[in-house]
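In what follows, a single structure is set out as structure tokens and then discussed.
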Protein chains: 2
Amino acid sequence: MNINAPLKKGRKYDQVVAGAREVFLKEGFEGASVDQIARDAGVSKATLYSYFPDKQALFMAVLTSQCMQQSDEAMGIEILQQPVPEALYSIARSFLGYLMSDFSVQVFRVCVAESARFPDLGRAFYESGPQQALDQIASYFASEKVQQDLTIDDPYLAADQFLQLCRADMLLRKILNVETDVSDEAIERIARETVKMFLARYRR
Amino acid sequence: MNINAPLKKGRKYDQVVAGAREVFLKEGFEGASVDQIARDAGVSKATLYSYFPDKQALFMAVLTSQCMQQSDEAMGIEILQQPVPEALYSIARSFLGYLMSDFSVQVFRVCVAESARFPDLGRAFYESGPQQALDQIASYFASEKVQQDLTIDDPYLAADQFLQLCRADMLLRKILNVETDVSDEAIERIARETVKMFLARYRR
DNA sequence: GATGAACTGAACTGGTCGGTTTATTCATGA
DNA sequence: TCATGAATAAACCGACCAGTTCAGTTCATC
């Protein structure tokens, strides 16, 4: 594991990254202190600095590895074999479930906050998260199975619209810490209404 | 002007806030130093601290005043008197125009970033921005004029969907610093497609 | 031109931070 | 048993930062 670790071996690499992830996601880049990270990781500062040249490198390593991980939750093949309306509903549900998770919200907050100071970060996050989702759904929309039921000229536009409808106002409220708990019924309702609107627009 | 200034009078109040706005929006809360703010505002640090008890108070003052300001760009009455499809298009255009502005994006970034550390901030931003837009459009959807042409059972849900469709992927790309310039044609296209989908769903 | 409040600039305090160094401990394996 | 290299704790450095203080300057008003 960690075949492409940055230049150094050592058994505590994962510990360092885990501690850094925890602190960075909670405190942001400027808010997190290296001492706190080392303490949280159960590692000495010297050890930490033997793995990473500076705080920025550690930050980027954590976030990009985190971004890589997020796109793993792909659409299962079993979803795609359902009839189109049911498949759309399942996709909306699973997408929303991920988006509303505390973890996803924290990563999003930090990436948005620091994307001005770390230009690479915003891009890395976008390409490994939102972009992936867009691509997957667009290619699903372009598939024969879907095109039998729907008329979609521009699959990317349609995918964008579909995902945008999923991200309802409640996601923004959660991101802004206005409303932290969201009921399952609310999520189901958004998914239902998303599919309803989408079918109204694209059904053959 | 500034009838409800915080406890102190003084001629340089606006200067201080203006400088603080500039620096906070560019650097975030932790990233901005008080010395830099004072320098940018053309004011001594002592003067700054005679207006505001500490850095946090200054930060909140800047952001909340900024939030108040953002909802001033209401829908003009002339828009609402257009036929419904044209009105929807105009609303989408003006909403998108504001959302895509550098200023709006900067405020959003900072509010998202600090909403975990400043719980009041996220709420203040939400209520004075997104919430206002939602309310305005929902009440428009509930109006007789609209209900003649469209069947909208839940105006808030519909308003949420409409605004969500406007916030297309390109907004996320701008927020994440992936793509800073967006063409007018792209904006127009999103507005057009938003109205198209919305009418397909709700047209009587 | 005198008065007083607002403002200035610069120095200062106490503290934190990122990063380095050093002396020491611990584990492994030959 | 000893050597090697990884890990540690703690002290340390220079820089920066929030906030205070104060002697002196500006400015509006009378």
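Note on naming: chains are A, B, ... as they come in the structure tokens, residues start from 1 per chain, ligands start from 1 in the order shown.
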Practice task
Could you please tell me, as number ranges by chain, which residues of chain A have an atom within 9 Å of chain D when using only C-alpha atoms (C1' of nucleotides)?
Solution key: A: 10-11, 43-44, 46-47
Once you count only C-alpha atoms (C1' of nucleotides), which residues of chain C turn out to be within 8 Å of chain B? Could you give them as a PDB file with N, CA and C atoms (P, O5', C5', C4', C3', O3' and C1' of nucleotides), in the first residue's frame?
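Below you can see selection13.pdb, which holds the result:
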ATOM      1  P    DA C   6     -14.306  61.557  19.692  1.00  0.00           P
ATOM      2  O5'  DA C   6     -13.446  61.407  18.355  1.00  0.00           O
ATOM      3  C5'  DA C   6     -13.799  62.192  17.223  1.00  0.00           C
ATOM      4  C4'  DA C   6     -12.657  62.148  16.221  1.00  0.00           C
ATOM      5  C3'  DA C   6     -12.183  60.730  15.871  1.00  0.00           C
ATOM      6  O3'  DA C   6     -12.100  60.619  14.468  1.00  0.00           O
ATOM      7  C1'  DA C   6     -10.355  62.070  16.522  1.00  0.00           C
ATOM      8  P    DC C   7     -11.710  59.213  13.839  1.00  0.00           P
ATOM      9  O5'  DC C   7     -10.124  59.330  13.655  1.00  0.00           O
ATOM     10  C5'  DC C   7      -9.599  60.406  12.888  1.00  0.00           C
ATOM     11  C4'  DC C   7      -8.091  60.416  12.992  1.00  0.00           C
ATOM     12  C3'  DC C   7      -7.406  59.069  12.724  1.00  0.00           C
ATOM     13  O3'  DC C   7      -6.707  59.145  11.491  1.00  0.00           O
ATOM     14  C1'  DC C   7      -6.405  60.270  14.529  1.00  0.00           C
ATOM     15  P    DT C   8      -5.855  57.879  11.010  1.00  0.00           P
ATOM     16  O5'  DT C   8      -4.428  58.206  11.597  1.00  0.00           O
ATOM     17  C5'  DT C   8      -3.773  59.406  11.189  1.00  0.00           C
ATOM     18  C4'  DT C   8      -2.395  59.452  11.808  1.00  0.00           C
ATOM     19  C3'  DT C   8      -1.559  58.192  11.552  1.00  0.00           C
ATOM     20  O3'  DT C   8      -0.378  58.578  10.873  1.00  0.00           O
ATOM     21  C1'  DT C   8      -1.488  58.834  13.849  1.00  0.00           C
ATOM     22  P    DG C   9       0.264  57.538   9.877  1.00  0.00           P
ATOM     23  O5'  DG C   9       1.602  57.176  10.631  1.00  0.00           O
ATOM     24  C5'  DG C   9       2.391  58.220  11.189  1.00  0.00           C
ATOM     25  C4'  DG C   9       3.299  57.642  12.260  1.00  0.00           C
ATOM     26  C3'  DG C   9       3.880  56.272  11.907  1.00  0.00           C
ATOM     27  O3'  DG C   9       5.262  56.313  12.222  1.00  0.00           O
ATOM     28  C1'  DG C   9       2.811  56.182  14.017  1.00  0.00           C
TER      29       DG C   9
END
Exercise for the section: Would you kindly return, as a PyMOL selection string, each protein, DNA or RNA residue with an atom no farther than 12 Å from any atom of Val16 of chain B, considering only C-alpha atoms (C1' of nucleotides) and excluding same-chain residues fewer than 5 positions away? Expected result: chain B and resi 10-11+21-24+34-52+55+58-59+61-62
Produce a file of the selected residues containing C-alpha atoms, as a short mmCIF file (atom, residue, chain, number, x, y, z; two decimals), in the first residue's frame.
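File part-v4.cif, as written:
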data_model
loop_
_atom_site.label_atom_id
_atom_site.label_comp_id
_atom_site.auth_asym_id
_atom_site.auth_seq_id
_atom_site.Cartn_x
_atom_site.Cartn_y
_atom_site.Cartn_z
CA GLY B 10 -15.83 59.01 13.79
CA ARG B 11 -15.29 59.99 10.21
CA ARG B 21 -13.91 44.05 3.16
CA GLU B 22 -11.21 44.08 0.54
CA VAL B 23 -8.70 42.14 2.61
CA PHE B 24 -11.12 39.69 4.21
CA VAL B 34 -5.09 43.47 11.09
CA ASP B 35 -1.99 45.42 10.10
CA GLN B 36 -2.72 44.76 6.44
CA ILE B 37 -6.33 45.85 6.86
CA ALA B 38 -5.28 49.08 8.56
CA ARG B 39 -2.73 49.75 5.83
CA ASP B 40 -5.26 49.04 3.08
CA ALA B 41 -7.84 51.23 4.76
CA GLY B 42 -5.35 54.08 5.13
CA VAL B 43 -5.94 54.18 8.84
CA SER B 44 -3.91 53.52 11.96
CA LYS B 45 -4.38 50.32 13.88
CA ALA B 46 -5.38 52.33 16.94
CA THR B 47 -8.22 53.95 15.01
CA LEU B 48 -9.40 50.60 13.78
CA TYR B 49 -9.50 49.26 17.31
CA SER B 50 -11.43 52.31 18.47
CA TYR B 51 -14.25 51.26 16.18
CA PHE B 52 -14.22 47.51 16.70
CA LYS B 55 -10.88 41.17 14.70
CA LEU B 58 -14.83 43.60 12.40
CA PHE B 59 -15.17 40.45 10.34
CA ALA B 61 -19.57 43.61 10.64
CA VAL B 62 -18.09 43.47 7.16
#
Practice task
Residues of chain B no more than 6 Å from chain A, counting only C-alpha atoms: send them over as number ranges by chain.
Solution key: B: 109, 112-113, 115, 122-123, 161, 164-165, 176-178, 197, 200-201
Problem - Pairwise distance for atom CA of Glu144 of chain B and atom CA of Arg192 of chain B, rounded to one decimal in Å - result: 23.6 Å
Practice task
Would you mind listing what lies within 7 Å of Cys67 of chain A as a PyMOL selection string, with only C-alpha atoms (C1' of nucleotides) counted and same-chain residues fewer than 4 positions away left out?
Solution key: chain A and resi 63+125+128-129
Practice task
Go through segment 121-157 of chain B and collect every residue that DSSP, computed from the backbone, puts in helix (DSSP H, G or I); the answer should be as a list of chain:residue names.
Solution key: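 Reading the DSSP output for segment 121-157 of chain B, helix (DSSP H, G or I) covers B:Leu121, B:Gly122, B:Arg123, B:Ala124, B:Phe125, B:Tyr126, B:Glu127, B:Ser128, B:Pro130, B:Gln131, B:Gln132, B:Ala133, B:Leu134, B:Asp135, B:Gln136, B:Ile137, B:Ala138, B:Ser139, B:Tyr140, B:Phe141, B:Glu144, B:Lys145, B:Val146, B:Gln147, B:Gln148, B:Asp149, B:Pro155, B:Tyr156, B:Leu157.
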Fill in the blank from the handout: One decimal place gives the atom CA of Val195 of chain B-atom CA of Ile152 of chain A separation as 16.4 Å
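Taking atom CA of Asp135 of chain A and atom CA of Asp153 of chain A as the two end points, the separation is 15.2 Å.
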